[in-house]
$ cat query.cif   # mmCIF, C-alpha atoms and all ligand atoms
data_model
#
loop_
_atom_site.group_PDB
_atom_site.id
_atom_site.type_symbol
_atom_site.label_atom_id
_atom_site.label_comp_id
_atom_site.auth_asym_id
_atom_site.auth_seq_id
_atom_site.Cartn_x
_atom_site.Cartn_y
_atom_site.Cartn_z
ATOM 1 C CA MET X 14 -8.150 27.470 -7.177
ATOM 2 C CA SER X 15 -4.589 26.689 -8.107
ATOM 3 C CA LEU X 16 -2.721 23.757 -6.576
ATOM 4 C CA GLU X 17 -0.271 24.745 -3.895
ATOM 5 C CA VAL X 18 3.323 23.619 -3.602
ATOM 6 C CA TYR X 19 5.209 23.319 -0.325
ATOM 7 C CA ILE X 20 8.676 24.901 -0.335
ATOM 8 C CA ASP X 21 10.664 25.172 2.896
ATOM 9 C CA GLY X 22 7.791 25.728 5.285
ATOM 10 C CA LYS X 23 5.496 27.781 3.043
ATOM 11 C CA TYR X 24 2.848 27.070 0.438
ATOM 12 C CA TYR X 25 2.840 28.788 -2.958
ATOM 13 C CA PRO X 26 0.358 28.631 -5.840
ATOM 14 C CA LYS X 27 1.829 26.273 -8.458
ATOM 15 C CA GLU X 28 2.511 29.165 -10.878
ATOM 16 C CA GLN X 29 4.528 31.041 -8.247
ATOM 17 C CA ALA X 30 6.408 28.082 -6.794
ATOM 18 C CA ARG X 31 10.045 28.929 -7.498
ATOM 19 C CA ILE X 32 13.502 28.196 -6.179
ATOM 20 C CA SER X 33 16.767 30.132 -6.436
ATOM 21 C CA VAL X 34 18.978 29.812 -9.523
ATOM 22 C CA TYR X 35 21.789 29.350 -6.976
ATOM 23 C CA ASP X 36 20.200 26.175 -5.652
ATOM 24 C CA HIS X 37 22.669 23.347 -6.157
ATOM 25 C CA GLY X 38 19.805 21.109 -7.226
ATOM 26 C CA LEU X 39 19.716 23.227 -10.399
ATOM 27 C CA LEU X 40 23.418 24.066 -10.650
ATOM 28 C CA TYR X 41 24.681 20.501 -10.177
ATOM 29 C CA GLY X 42 21.733 18.122 -9.994
ATOM 30 C CA ASP X 43 22.740 17.935 -6.351
ATOM 31 C CA GLY X 44 19.644 16.575 -4.690
ATOM 32 C CA VAL X 45 17.421 13.554 -4.211
ATOM 33 C CA PHE X 46 13.757 12.925 -4.910
ATOM 34 C CA GLU X 47 10.823 10.559 -4.704
ATOM 35 C CA GLY X 48 7.786 9.961 -6.872
ATOM 36 C CA ILE X 49 4.852 8.656 -4.850
ATOM 37 C CA ARG X 50 1.198 8.010 -5.644
ATOM 38 C CA ALA X 51 -2.042 8.368 -3.798
ATOM 39 C CA TYR X 52 -4.998 6.211 -4.788
ATOM 40 C CA SER X 53 -8.551 6.885 -3.593
ATOM 41 C CA GLY X 54 -7.486 8.804 -0.505
ATOM 42 C CA ARG X 55 -4.541 6.600 0.485
ATOM 43 C CA VAL X 56 -0.850 7.164 -0.115
ATOM 44 C CA PHE X 57 0.659 3.929 -1.373
ATOM 45 C CA ARG X 58 3.743 2.717 0.526
ATOM 46 C CA LEU X 59 4.448 6.191 1.888
ATOM 47 C CA ASP X 60 6.882 5.043 4.545
ATOM 48 C CA GLU X 61 8.924 2.978 2.092
ATOM 49 C CA HIS X 62 9.266 6.011 -0.167
ATOM 50 C CA LEU X 63 10.234 8.217 2.770
ATOM 51 C CA GLU X 64 12.791 5.682 3.963
ATOM 52 C CA ARG X 65 14.304 5.541 0.478
ATOM 53 C CA LEU X 66 14.403 9.352 0.335
ATOM 54 C CA TYR X 67 16.264 9.514 3.632
ATOM 55 C CA ALA X 68 18.612 6.720 2.523
ATOM 56 C CA SER X 69 19.367 8.544 -0.756
ATOM 57 C CA ALA X 70 20.042 11.763 1.165
ATOM 58 C CA ARG X 71 22.300 9.996 3.636
ATOM 59 C CA SER X 72 24.237 8.372 0.823
ATOM 60 C CA VAL X 73 25.048 11.762 -0.738
ATOM 61 C CA ALA X 74 25.570 13.430 2.655
ATOM 62 C CA ILE X 75 22.558 15.740 2.505
ATOM 63 C CA GLU X 76 21.074 16.388 5.897
ATOM 64 C CA ILE X 77 17.315 16.733 5.582
ATOM 65 C CA PRO X 78 16.266 19.527 7.959
ATOM 66 C CA MET X 79 13.153 17.647 9.045
ATOM 67 C CA THR X 80 12.577 14.249 10.627
ATOM 68 C CA LEU X 81 10.924 11.451 8.696
ATOM 69 C CA PRO X 82 7.678 11.701 10.713
ATOM 70 C CA GLU X 83 7.628 15.466 10.063
ATOM 71 C CA MET X 84 8.121 14.789 6.356
ATOM 72 C CA ARG X 85 5.228 12.322 6.422
ATOM 73 C CA THR X 86 3.022 14.996 7.997
ATOM 74 C CA THR X 87 4.170 17.578 5.444
ATOM 75 C CA VAL X 88 3.267 15.299 2.528
ATOM 76 C CA LEU X 89 -0.163 14.523 4.006
ATOM 77 C CA ASP X 90 -0.813 18.199 4.848
ATOM 78 C CA THR X 91 0.032 19.231 1.289
ATOM 79 C CA LEU X 92 -2.363 16.640 -0.129
ATOM 80 C CA ARG X 93 -5.117 17.764 2.270
ATOM 81 C CA ARG X 94 -4.585 21.406 1.472
ATOM 82 C CA ASN X 95 -5.022 20.608 -2.198
ATOM 83 C CA GLY X 96 -7.983 18.298 -1.582
ATOM 84 C CA LEU X 97 -6.326 15.489 -3.523
ATOM 85 C CA ARG X 98 -7.374 11.853 -3.169
ATOM 86 C CA ASP X 99 -5.643 10.615 -6.304
ATOM 87 C CA SER X 100 -2.311 12.244 -6.822
ATOM 88 C CA TYR X 101 1.216 12.127 -8.040
ATOM 89 C CA ILE X 102 3.465 13.349 -5.264
ATOM 90 C CA ARG X 103 6.929 14.638 -6.123
ATOM 91 C CA LEU X 104 9.135 15.110 -3.119
ATOM 92 C CA MET X 105 12.510 16.811 -3.598
ATOM 93 C CA VAL X 106 15.368 17.608 -1.299
ATOM 94 C CA THR X 107 18.133 19.699 -2.832
ATOM 95 C CA ARG X 108 21.504 20.586 -1.343
ATOM 96 C CA GLY X 109 20.085 24.103 -1.041
ATOM 97 C CA VAL X 110 21.230 27.574 -2.048
ATOM 98 C CA GLY X 111 24.993 27.983 -2.345
ATOM 99 C CA ASP X 112 27.419 29.820 -4.586
ATOM 100 C CA LEU X 113 28.815 29.089 -8.042
ATOM 101 C CA GLY X 114 31.089 26.298 -6.944
ATOM 102 C CA LEU X 115 30.598 22.659 -6.093
ATOM 103 C CA ASP X 116 31.447 23.017 -2.423
ATOM 104 C CA PRO X 117 28.387 21.714 -0.579
ATOM 105 C CA ARG X 118 29.524 23.484 2.604
ATOM 106 C CA LYS X 119 28.370 26.741 0.979
ATOM 107 C CA CYS X 120 24.825 25.470 1.106
ATOM 108 C CA ASN X 121 23.605 26.194 4.597
ATOM 109 C CA ARG X 122 20.384 24.309 4.483
ATOM 110 C CA ALA X 123 18.839 21.675 2.244
ATOM 111 C CA SER X 124 15.619 22.773 0.521
ATOM 112 C CA ILE X 125 12.472 20.693 0.725
ATOM 113 C CA ILE X 126 9.872 20.825 -2.032
ATOM 114 C CA VAL X 127 6.623 18.874 -2.045
ATOM 115 C CA ILE X 128 4.534 18.945 -5.209
ATOM 116 C CA THR X 129 1.200 17.180 -5.146
ATOM 117 C CA ASP X 130 -0.501 17.199 -8.495
ATOM 118 C CA THR X 131 -2.873 15.139 -10.564
ATOM 119 C CA ILE X 132 -1.478 12.126 -12.408
ATOM 120 C CA LYS X 133 -0.955 11.658 -16.110
ATOM 121 C CA LEU X 134 -1.842 8.032 -16.588
ATOM 122 C CA TYR X 135 -0.455 5.794 -19.304
ATOM 123 C CA PRO X 136 -3.165 5.119 -21.905
ATOM 124 C CA ALA X 137 -5.317 2.042 -21.288
ATOM 125 C CA ASP X 138 -4.072 0.705 -24.638
ATOM 126 C CA ALA X 139 -0.550 0.331 -23.198
ATOM 127 C CA TYR X 140 -1.897 -2.081 -20.552
ATOM 128 C CA GLU X 141 -4.080 -3.912 -23.061
ATOM 129 C CA HIS X 142 -1.566 -4.355 -25.877
ATOM 130 C CA GLY X 143 1.797 -3.816 -24.185
ATOM 131 C CA LEU X 144 4.815 -1.699 -24.998
ATOM 132 C CA ARG X 145 7.572 -1.935 -27.552
ATOM 133 C CA ILE X 146 10.968 -1.137 -26.097
ATOM 134 C CA ILE X 147 14.599 -1.156 -27.206
ATOM 135 C CA ILE X 148 17.868 -1.922 -25.509
ATOM 136 C CA ALA X 149 19.663 1.410 -25.403
ATOM 137 C CA SER X 150 23.279 1.861 -26.439
ATOM 138 C CA THR X 151 23.681 4.167 -23.429
ATOM 139 C CA ARG X 152 24.968 1.999 -20.579
ATOM 140 C CA LYS X 153 23.696 2.401 -17.031
ATOM 141 C CA ASN X 154 25.832 4.468 -14.671
ATOM 142 C CA SER X 155 28.081 2.068 -12.927
ATOM 143 C CA PRO X 156 27.628 1.712 -9.151
ATOM 144 C CA ASP X 157 31.298 2.477 -8.581
ATOM 145 C CA CYS X 158 30.759 5.911 -10.195
ATOM 146 C CA LEU X 159 27.306 6.842 -8.939
ATOM 147 C CA SER X 160 25.124 4.250 -7.298
ATOM 148 C CA PRO X 161 21.821 3.829 -9.157
ATOM 149 C CA ARG X 162 20.368 2.922 -5.756
ATOM 150 C CA ILE X 163 20.382 6.654 -5.012
ATOM 151 C CA LYS X 164 17.300 8.345 -6.422
ATOM 152 C CA SER X 165 19.254 11.451 -7.280
ATOM 153 C CA MET X 166 18.201 14.542 -9.190
ATOM 154 C CA ASN X 167 20.804 13.755 -11.816
ATOM 155 C CA TYR X 168 18.890 11.750 -14.423
ATOM 156 C CA LEU X 169 20.968 12.547 -17.513
ATOM 157 C CA ASN X 170 22.037 8.933 -17.936
ATOM 158 C CA ASN X 171 18.382 7.909 -18.097
ATOM 159 C CA ILE X 172 17.420 10.874 -20.274
ATOM 160 C CA LEU X 173 20.035 9.891 -22.877
ATOM 161 C CA ALA X 174 18.487 6.425 -22.990
ATOM 162 C CA LYS X 175 14.993 7.942 -23.231
ATOM 163 C CA ILE X 176 16.133 10.023 -26.233
ATOM 164 C CA GLU X 177 17.179 6.778 -27.916
ATOM 165 C CA ALA X 178 13.718 5.311 -27.283
ATOM 166 C CA ILE X 179 12.061 8.388 -28.772
ATOM 167 C CA GLY X 180 14.388 8.185 -31.783
ATOM 168 C CA ALA X 181 13.420 4.548 -32.299
ATOM 169 C CA GLY X 182 9.705 5.359 -31.966
ATOM 170 C CA VAL X 183 9.198 3.091 -28.964
ATOM 171 C CA ALA X 184 7.990 3.695 -25.429
ATOM 172 C CA GLU X 185 11.057 2.883 -23.384
ATOM 173 C CA SER X 186 14.723 1.992 -23.328
ATOM 174 C CA LEU X 187 16.187 -0.791 -21.281
ATOM 175 C CA MET X 188 19.744 -0.103 -20.165
ATOM 176 C CA LEU X 189 22.549 -2.614 -19.763
ATOM 177 C CA ASP X 190 25.338 -2.303 -17.231
ATOM 178 C CA LYS X 191 28.922 -2.080 -18.463
ATOM 179 C CA ASN X 192 29.155 -5.900 -18.486
ATOM 180 C CA GLY X 193 26.047 -6.297 -20.603
ATOM 181 C CA PHE X 194 23.625 -7.377 -17.881
ATOM 182 C CA LEU X 195 20.074 -6.023 -17.863
ATOM 183 C CA THR X 196 19.557 -3.201 -15.350
ATOM 184 C CA GLU X 197 16.362 -1.149 -15.695
ATOM 185 C CA CYS X 198 14.422 1.185 -17.966
ATOM 186 C CA THR X 199 14.625 4.963 -17.653
ATOM 187 C CA SER X 200 12.048 5.099 -14.864
ATOM 188 C CA GLU X 201 10.916 1.518 -14.376
ATOM 189 C CA ASN X 202 12.352 -1.798 -13.263
ATOM 190 C CA ILE X 203 12.151 -4.799 -15.585
ATOM 191 C CA PHE X 204 10.815 -8.305 -15.024
ATOM 192 C CA ILE X 205 10.682 -11.401 -17.178
ATOM 193 C CA VAL X 206 8.632 -14.565 -16.815
ATOM 194 C CA LYS X 207 10.076 -17.889 -17.933
ATOM 195 C CA ASN X 208 8.437 -21.238 -17.211
ATOM 196 C CA ARG X 209 6.183 -19.581 -14.621
ATOM 197 C CA THR X 210 9.165 -18.214 -12.665
ATOM 198 C CA LEU X 211 9.558 -14.461 -12.296
ATOM 199 C CA TYR X 212 13.044 -12.993 -12.752
ATOM 200 C CA THR X 213 14.300 -9.469 -12.182
ATOM 201 C CA PRO X 214 17.833 -8.068 -12.185
ATOM 202 C CA THR X 215 19.583 -8.282 -8.846
ATOM 203 C CA SER X 216 20.253 -4.891 -7.270
ATOM 204 C CA VAL X 217 23.946 -5.851 -7.341
ATOM 205 C CA VAL X 218 24.112 -4.817 -11.026
ATOM 206 C CA GLY X 219 23.150 -1.282 -10.029
ATOM 207 C CA ILE X 220 19.488 -0.374 -10.223
ATOM 208 C CA LEU X 221 17.032 1.653 -8.250
ATOM 209 C CA GLU X 222 15.393 -0.795 -5.880
ATOM 210 C CA GLY X 223 11.902 0.097 -6.956
ATOM 211 C CA ILE X 224 9.094 0.036 -4.456
ATOM 212 C CA THR X 225 6.727 -1.290 -7.102
ATOM 213 C CA ARG X 226 9.358 -3.969 -7.832
ATOM 214 C CA SER X 227 9.305 -5.126 -4.224
ATOM 215 C CA VAL X 228 5.488 -5.061 -4.097
ATOM 216 C CA VAL X 229 5.351 -7.173 -7.267
ATOM 217 C CA MET X 230 7.773 -9.677 -5.766
ATOM 218 C CA GLU X 231 5.577 -9.890 -2.643
ATOM 219 C CA LEU X 232 2.415 -10.337 -4.715
ATOM 220 C CA ALA X 233 4.033 -13.036 -6.840
ATOM 221 C CA GLN X 234 5.211 -14.963 -3.803
ATOM 222 C CA ARG X 235 1.768 -14.707 -2.255
ATOM 223 C CA ALA X 236 0.338 -16.164 -5.480
ATOM 224 C CA GLY X 237 2.778 -19.084 -5.350
ATOM 225 C CA ILE X 238 4.918 -17.787 -8.220
ATOM 226 C CA GLU X 239 8.641 -18.325 -7.658
ATOM 227 C CA VAL X 240 10.732 -15.131 -7.791
ATOM 228 C CA GLN X 241 14.437 -14.905 -8.510
ATOM 229 C CA MET X 242 16.755 -11.909 -8.501
ATOM 230 C CA ALA X 243 19.509 -12.723 -10.961
ATOM 231 C CA PHE X 244 22.087 -11.511 -13.449
ATOM 232 C CA LEU X 245 20.083 -11.431 -16.668
ATOM 233 C CA THR X 246 21.220 -10.895 -20.246
ATOM 234 C CA PRO X 247 19.423 -9.680 -23.397
ATOM 235 C CA HIS X 248 19.135 -13.353 -24.419
ATOM 236 C CA ASP X 249 17.033 -14.043 -21.302
ATOM 237 C CA LEU X 250 14.696 -11.248 -22.319
ATOM 238 C CA TYR X 251 14.483 -12.267 -25.995
ATOM 239 C CA THR X 252 13.583 -15.823 -25.012
ATOM 240 C CA ALA X 253 11.219 -14.967 -22.132
ATOM 241 C CA ASP X 254 7.566 -16.009 -22.113
ATOM 242 C CA GLU X 255 6.456 -12.609 -20.782
ATOM 243 C CA SER X 256 7.985 -9.333 -19.697
ATOM 244 C CA PHE X 257 6.764 -6.217 -17.927
ATOM 245 C CA VAL X 258 8.137 -3.063 -16.345
ATOM 246 C CA THR X 259 7.201 -1.673 -12.940
ATOM 247 C CA GLY X 260 7.219 1.806 -11.454
ATOM 248 C CA THR X 261 5.147 4.236 -9.467
ATOM 249 C CA GLY X 262 3.838 5.909 -12.619
ATOM 250 C CA ALA X 263 3.650 2.804 -14.808
ATOM 251 C CA GLU X 264 2.372 0.367 -12.157
ATOM 252 C CA ILE X 265 2.836 -2.882 -14.131
ATOM 253 C CA LEU X 266 3.164 -2.289 -17.863
ATOM 254 C CA PRO X 267 3.462 -5.262 -20.195
ATOM 255 C CA VAL X 268 6.349 -5.361 -22.688
ATOM 256 C CA VAL X 269 5.565 -7.272 -25.878
ATOM 257 C CA GLU X 270 8.489 -6.422 -28.129
ATOM 258 C CA VAL X 271 12.175 -5.676 -27.591
ATOM 259 C CA GLY X 272 14.425 -4.538 -30.428
ATOM 260 C CA GLN X 273 12.385 -6.145 -33.256
ATOM 261 C CA ARG X 274 11.822 -9.403 -31.325
ATOM 262 C CA LYS X 275 8.411 -10.407 -30.063
ATOM 263 C CA ILE X 276 8.365 -11.551 -26.476
ATOM 264 C CA GLY X 277 6.530 -14.881 -26.199
ATOM 265 C CA ASP X 278 3.561 -14.697 -28.563
ATOM 266 C CA GLY X 279 3.744 -10.896 -28.681
ATOM 267 C CA LYS X 280 0.638 -10.527 -26.501
ATOM 268 C CA VAL X 281 0.218 -9.545 -22.873
ATOM 269 C CA GLY X 282 0.884 -12.674 -20.831
ATOM 270 C CA PRO X 283 -1.311 -14.290 -18.150
ATOM 271 C CA ILE X 284 1.099 -13.781 -15.239
ATOM 272 C CA THR X 285 1.516 -10.112 -16.159
ATOM 273 C CA ARG X 286 -2.284 -9.726 -16.173
ATOM 274 C CA GLN X 287 -2.628 -11.575 -12.892
ATOM 275 C CA LEU X 288 -0.014 -9.411 -11.166
ATOM 276 C CA LEU X 289 -1.466 -6.177 -12.552
ATOM 277 C CA GLY X 290 -4.890 -7.171 -11.221
ATOM 278 C CA ALA X 291 -3.446 -7.983 -7.793
ATOM 279 C CA PHE X 292 -1.446 -4.744 -7.765
ATOM 280 C CA ARG X 293 -4.448 -2.577 -8.626
ATOM 281 C CA GLU X 294 -6.517 -4.283 -5.986
ATOM 282 C CA LEU X 295 -3.800 -3.651 -3.382
ATOM 283 C CA THR X 296 -3.457 0.055 -4.221
ATOM 284 C CA GLN X 297 -7.178 0.520 -3.549
ATOM 285 C CA ARG X 298 -7.138 -0.991 -0.097
ATOM 286 C CA GLU X 299 -3.676 -0.375 1.339
ATOM 287 C CA GLY X 300 -1.940 2.887 2.210
ATOM 288 C CA THR X 301 -1.786 5.841 4.556
ATOM 289 C CA LEU X 302 -5.166 7.571 4.814
ATOM 290 C CA ILE X 303 -4.938 11.216 3.772
ATOM 291 C CA PHE X 304 -8.055 12.641 5.359
ATOM 292 C CA GLU X 305 -7.982 10.804 8.667
ATOM 293 C CA PRO X 306 -4.725 12.077 10.161
ATOM 294 C CA ASP X 307 -4.729 9.833 13.205
ATOM 295 C CA ALA X 308 -5.291 6.623 11.305
ATOM 296 C CA ALA X 309 -2.190 4.495 11.052
ATOM 297 C CA SER X 310 -1.130 3.158 7.696
ATOM 298 C CA VAL X 311 -2.403 -0.317 7.034
HETATM 299 N N1 LIG X 401 14.149 2.816 -11.837
HETATM 300 C C1 LIG X 401 14.298 4.142 -11.988
HETATM 301 C C2 LIG X 401 15.539 4.670 -12.594
HETATM 302 C C3 LIG X 401 13.291 5.000 -11.569
HETATM 303 O O1 LIG X 401 13.422 6.324 -11.705
HETATM 304 C C4 LIG X 401 11.987 3.074 -10.886
HETATM 305 C C5 LIG X 401 13.032 2.280 -11.300
HETATM 306 C C6 LIG X 401 10.778 2.437 -10.253
HETATM 307 O O2 LIG X 401 10.761 2.693 -8.863
HETATM 308 P P1 LIG X 401 9.412 2.777 -8.029
HETATM 309 O O3 LIG X 401 9.866 2.921 -6.632
HETATM 310 O O4 LIG X 401 8.647 3.966 -8.523
HETATM 311 O O5 LIG X 401 8.699 1.501 -8.257
HETATM 312 C C7 LIG X 401 12.100 4.461 -11.015
HETATM 313 C C8 LIG X 401 10.976 5.336 -10.564
HETATM 314 C C9 LIG X 401 9.313 10.946 -12.180
HETATM 315 C C10 LIG X 401 9.133 9.619 -11.563
HETATM 316 O O6 LIG X 401 8.558 11.852 -11.867
HETATM 317 C C11 LIG X 401 10.127 8.690 -11.641
HETATM 318 C C12 LIG X 401 9.941 7.459 -11.056
HETATM 319 C C13 LIG X 401 8.769 7.158 -10.428
HETATM 320 C C14 LIG X 401 7.762 8.107 -10.354
HETATM 321 C C15 LIG X 401 7.943 9.345 -10.930
HETATM 322 O O7 LIG X 401 10.232 11.115 -12.964
HETATM 323 N N2 LIG X 401 10.959 6.590 -11.163
#
$ encode --input "query.cif" --output "structure tokens"
Amino acid sequence: MSLEVYIDGKYYPKEQARISVYDHGLLYGDGVFEGIRAYSGRVFRLDEHLERLYASARSVAIEIPMTLPEMRTTVLDTLRRNGLRDSYIRLMVTRGVGDLGLDPRKCNRASIIVITDTIKLYPADAYEHGLRIIIASTRKNSPDCLSPRIKSMNYLNNILAKIEAIGAGVAESLMLDKNGFLTECTSENIFIVKNRTLYTPTSVVGILEGITRSVVMELAQRAGIEVQMAFLTPHDLYTADESFVTGTGAEILPVVEVGQRKIGDGKVGPITRQLLGAFRELTQREGTLIFEPDAASV
């Protein structure tokens, strides 16, 4: 049987799940979203993702016509309906159906879409041998124009950087802010390791405050590894001992080369391996249970 998608209170087979061409999510990229994962029957950090979704919506003045606990139930119901224990969950809230003008007041009600599907995993080779990335010439949207802290449905800035990566034959692009500080990749945050200290760009430069990023910082601290959020430059990356990117899809993916320069010895580093191991262990034991509705998240 086909997977079912939740749209505004109803479930539709994946092939028939459609929204209006007058939805401002399509017309203007006017909407917010989340990408969440379920591992072995547990949704990882569900409440953090929901809180970020509601924060993104609030920031762009979209009123979500459902409370956060109702949204949690909707996500879990959709997973149950589809019998999914391991899943990629895409949650979207658009401004809703309006007319052919920007005016958000024409959109009476925000639309809610919950897709729960299977996950396309990165190949095991990427974790074993690491990624090659470039620094894109496309600069990150500046927070005074559109805050990258909003997980909005307008990803063109990131897509332009992704096109550069594809053109260069590498996996990802790292974007700089307008002052030349490291920000993030097109759908992952970046970390470097130098002298056993972990560094990641401060959210002040304008990045999405990734949930995987915060989990990695927690895991590092628990392991006695010092963590610093800082203003970082390409030089810091070129001279790092190790580097990796983090995201819901990627988990922790090692980076071994940036723009023709090997990072460290060009192999996946020990701290990267240690954190990936700890992260994978955590995703198996922590999270909101899908098939036991009354169980609290751990
Ligand atoms: N920066 C950006 C710009 C992102 O889009 C991250 C960092 C990492 O955040 P999390 O919270 O996932 O650790 C992201 C995440 C998708 C998709 O379907 C995108 C993301 C995650 C999952 C799915 O495009 N981006």
$ residues_near_point --input "query.cif" --point "(10.6, 7.6, 2.4)" --cutoff "10 Å" --atoms "only C-alpha atoms" --output "list in words"
Phe46, Glu47, Gly48, Ile49, Arg58, Leu59, Asp60, Glu61, His62, Leu63, Glu64, Arg65, Leu66, Tyr67, Ala68, Ser69, Leu81, Pro82, Met84, Arg85 and Leu104 of chain X
$ write_last_selection --input "query.cif" --atoms "C-alpha atoms" --output "mmCIF file, in the frame of the given file"
data_model
loop_
_atom_site.group_PDB
_atom_site.id
_atom_site.type_symbol
_atom_site.label_atom_id
_atom_site.label_comp_id
_atom_site.auth_asym_id
_atom_site.auth_seq_id
_atom_site.Cartn_x
_atom_site.Cartn_y
_atom_site.Cartn_z
ATOM 1 C CA PHE X 46 13.757 12.925 -4.910
ATOM 2 C CA GLU X 47 10.823 10.559 -4.704
ATOM 3 C CA GLY X 48 7.786 9.961 -6.872
ATOM 4 C CA ILE X 49 4.852 8.656 -4.850
ATOM 5 C CA ARG X 58 3.743 2.717 0.526
ATOM 6 C CA LEU X 59 4.448 6.191 1.888
ATOM 7 C CA ASP X 60 6.882 5.043 4.545
ATOM 8 C CA GLU X 61 8.924 2.978 2.092
ATOM 9 C CA HIS X 62 9.266 6.011 -0.167
ATOM 10 C CA LEU X 63 10.234 8.217 2.770
ATOM 11 C CA GLU X 64 12.791 5.682 3.963
ATOM 12 C CA ARG X 65 14.304 5.541 0.478
ATOM 13 C CA LEU X 66 14.403 9.352 0.335
ATOM 14 C CA TYR X 67 16.264 9.514 3.632
ATOM 15 C CA ALA X 68 18.612 6.720 2.523
ATOM 16 C CA SER X 69 19.367 8.544 -0.756
ATOM 17 C CA LEU X 81 10.924 11.451 8.696
ATOM 18 C CA PRO X 82 7.678 11.701 10.713
ATOM 19 C CA MET X 84 8.121 14.789 6.356
ATOM 20 C CA ARG X 85 5.228 12.322 6.422
ATOM 21 C CA LEU X 104 9.135 15.110 -3.119
#
$ residues_near_ligand --input "query.cif" --ligand "ligand LIG 401 (chain X)" --cutoff "6 Å" --atoms "only C-alpha atoms and all ligand atoms" --output "list in words"
Gly48, Glu197, Thr199, Ser200, Glu201, Asn202, Leu221, Gly223, Ile224, Thr225, Arg226, Thr259, Gly260, Thr261 and Gly262 of chain X
$ closest_residue --input "query.cif" --among "X:Ser186, X:Phe257, X:Asp249, X:Thr301" --to "Leu289 (chain X)" --atoms "only C-alpha atoms"
X:Phe257
$ atom_distance --input "query.cif" --atom1 "CA of Thr87 (chain X)" --atom2 "CA of Leu169 (chain X)"
28.9 Å
$ resolve_selection --input "query.cif" --expression "the PyMOL selection byres (((chain X and resi 299) around 8) and not hetatm)" --output "JSON list (two decimals) with C-alpha atoms, in the frame of the given file"
[["chain", "number", "residue", "atom", "x", "y", "z"],
["X", 55, "ARG", "CA", -4.54, 6.60, 0.48],
["X", 57, "PHE", "CA", 0.66, 3.93, -1.37],
["X", 295, "LEU", "CA", -3.80, -3.65, -3.38],
["X", 296, "THR", "CA", -3.46, 0.06, -4.22],
["X", 297, "GLN", "CA", -7.18, 0.52, -3.55],
["X", 298, "ARG", "CA", -7.14, -0.99, -0.10],
["X", 300, "GLY", "CA", -1.94, 2.89, 2.21],
["X", 301, "THR", "CA", -1.79, 5.84, 4.56],
["X", 310, "SER", "CA", -1.13, 3.16, 7.70],
["X", 311, "VAL", "CA", -2.40, -0.32, 7.03]]
$ atom_distance --input "query.cif" --atom1 "CA of Pro267 (chain X)" --atom2 "CA of Val56 (chain X)"
24.0 Å
$ atom_distance --input "query.cif" --atom1 "CA of Gln234 (chain X)" --atom2 "CA of Leu288 (chain X)"
10.6 Å
$ resolve_selection --input "query.cif" --expression "the PyMOL selection byres (((chain X and resi 24) around 12) and not hetatm)" --output "list in words"
Ser15, Leu16, Glu17, Val18, Tyr19, Ile20, Asp21, Gly22, Lys23, Tyr25, Pro26, Lys27, Glu28, Gln29, Ala30, Arg31, Thr87, Val88, Asp90, Thr91, Leu92, Arg94, Asn95, Ile125, Ile126, Val127, Ile128 and Thr129 of chain X
$ closest_residue --input "query.cif" --among "X:Ile276, X:Ile132, X:Ile147, X:Leu302" --to "Thr86 (chain X)" --atoms "only C-alpha atoms"
X:Leu302
$ closest_residue --input "query.cif" --among "X:Arg293, X:Val229, X:Ser53, X:Ile203" --to "Ile146 (chain X)" --atoms "all atoms listed in the file"
X:Ile203
$ resolve_selection --input "query.cif" --expression "the PyMOL selection byres (((chain X and resi 236) around 12) and not hetatm)" --output "ChimeraX atom specification"
/X:209-211,229-235,237-240,284,287-288,290-292
$ residues_around --input "query.cif" --residues "Asp116 (chain X)" --least-positions-apart "5" --cutoff "12 Å" --atoms "only C-alpha atoms" --output "JSON, numbers by chain"
{"X": [37, 40, 41, 43, 108, 109, 110, 111, 121]}
$ write_last_selection --input "query.cif" --atoms "C-alpha atoms" --output "PDB file, in the coordinates of the input"
ATOM      1  CA  HIS X  37      22.669  23.347  -6.157  1.00  0.00           C
ATOM      2  CA  LEU X  40      23.418  24.066 -10.650  1.00  0.00           C
ATOM      3  CA  TYR X  41      24.681  20.501 -10.177  1.00  0.00           C
ATOM      4  CA  ASP X  43      22.740  17.935  -6.351  1.00  0.00           C
ATOM      5  CA  ARG X 108      21.504  20.586  -1.343  1.00  0.00           C
ATOM      6  CA  GLY X 109      20.085  24.103  -1.041  1.00  0.00           C
ATOM      7  CA  VAL X 110      21.230  27.574  -2.048  1.00  0.00           C
ATOM      8  CA  GLY X 111      24.993  27.983  -2.345  1.00  0.00           C
ATOM      9  CA  ASN X 121      23.605  26.194   4.597  1.00  0.00           C
TER      10      ASN X 121
END
$ closest_residue --input "query.cif" --among "X:Leu187, X:Val218, X:Ala123, X:Ala139" --to "Val269 (chain X)" --atoms "all atoms listed in the file"
X:Ala139
$ closest_residue --input "query.cif" --among "X:Tyr212, X:Met79, X:Arg152, X:Tyr140" --to "Arg122 (chain X)" --atoms "all atoms listed in the file"
X:Met79
$ closest_residue --input "query.cif" --among "X:Asp36, X:Gly277, X:Ile220, X:Phe304" --to "Leu159 (chain X)" --atoms "all atoms listed in the file"
X:Ile220
$ residues_around --input "query.cif" --residues "Gly219 (chain X)" --least-positions-apart "6" --cutoff "9 Å" --atoms "all atoms listed in the file" --output "VMD selection string"
chain X and resid 153 to 156 160 to 162 190 196 to 197
$ axis_aligned_box --input "query.cif" --around "region 208-211 of chain X" --padding-each-side "5 Å" --output "AutoDock Vina command-line options"
--center_x 7.9 --center_y -17.8 --center_z -14.8 --size_x 13.4 --size_y 16.8 --size_z 14.9
$ residues_around --input "query.cif" --residues "Tyr251 (chain X)" --least-positions-apart "6" --cutoff "12 Å" --atoms "all atoms listed in the file" --output "list in words"
Ile146, Ile147, Ile148, Leu195, Ile205, Val206, Lys207, Leu245, Val268, Val269, Glu270, Val271, Gly272, Gln273, Arg274, Lys275, Ile276, Gly277, Asp278 and Gly279 of chain X
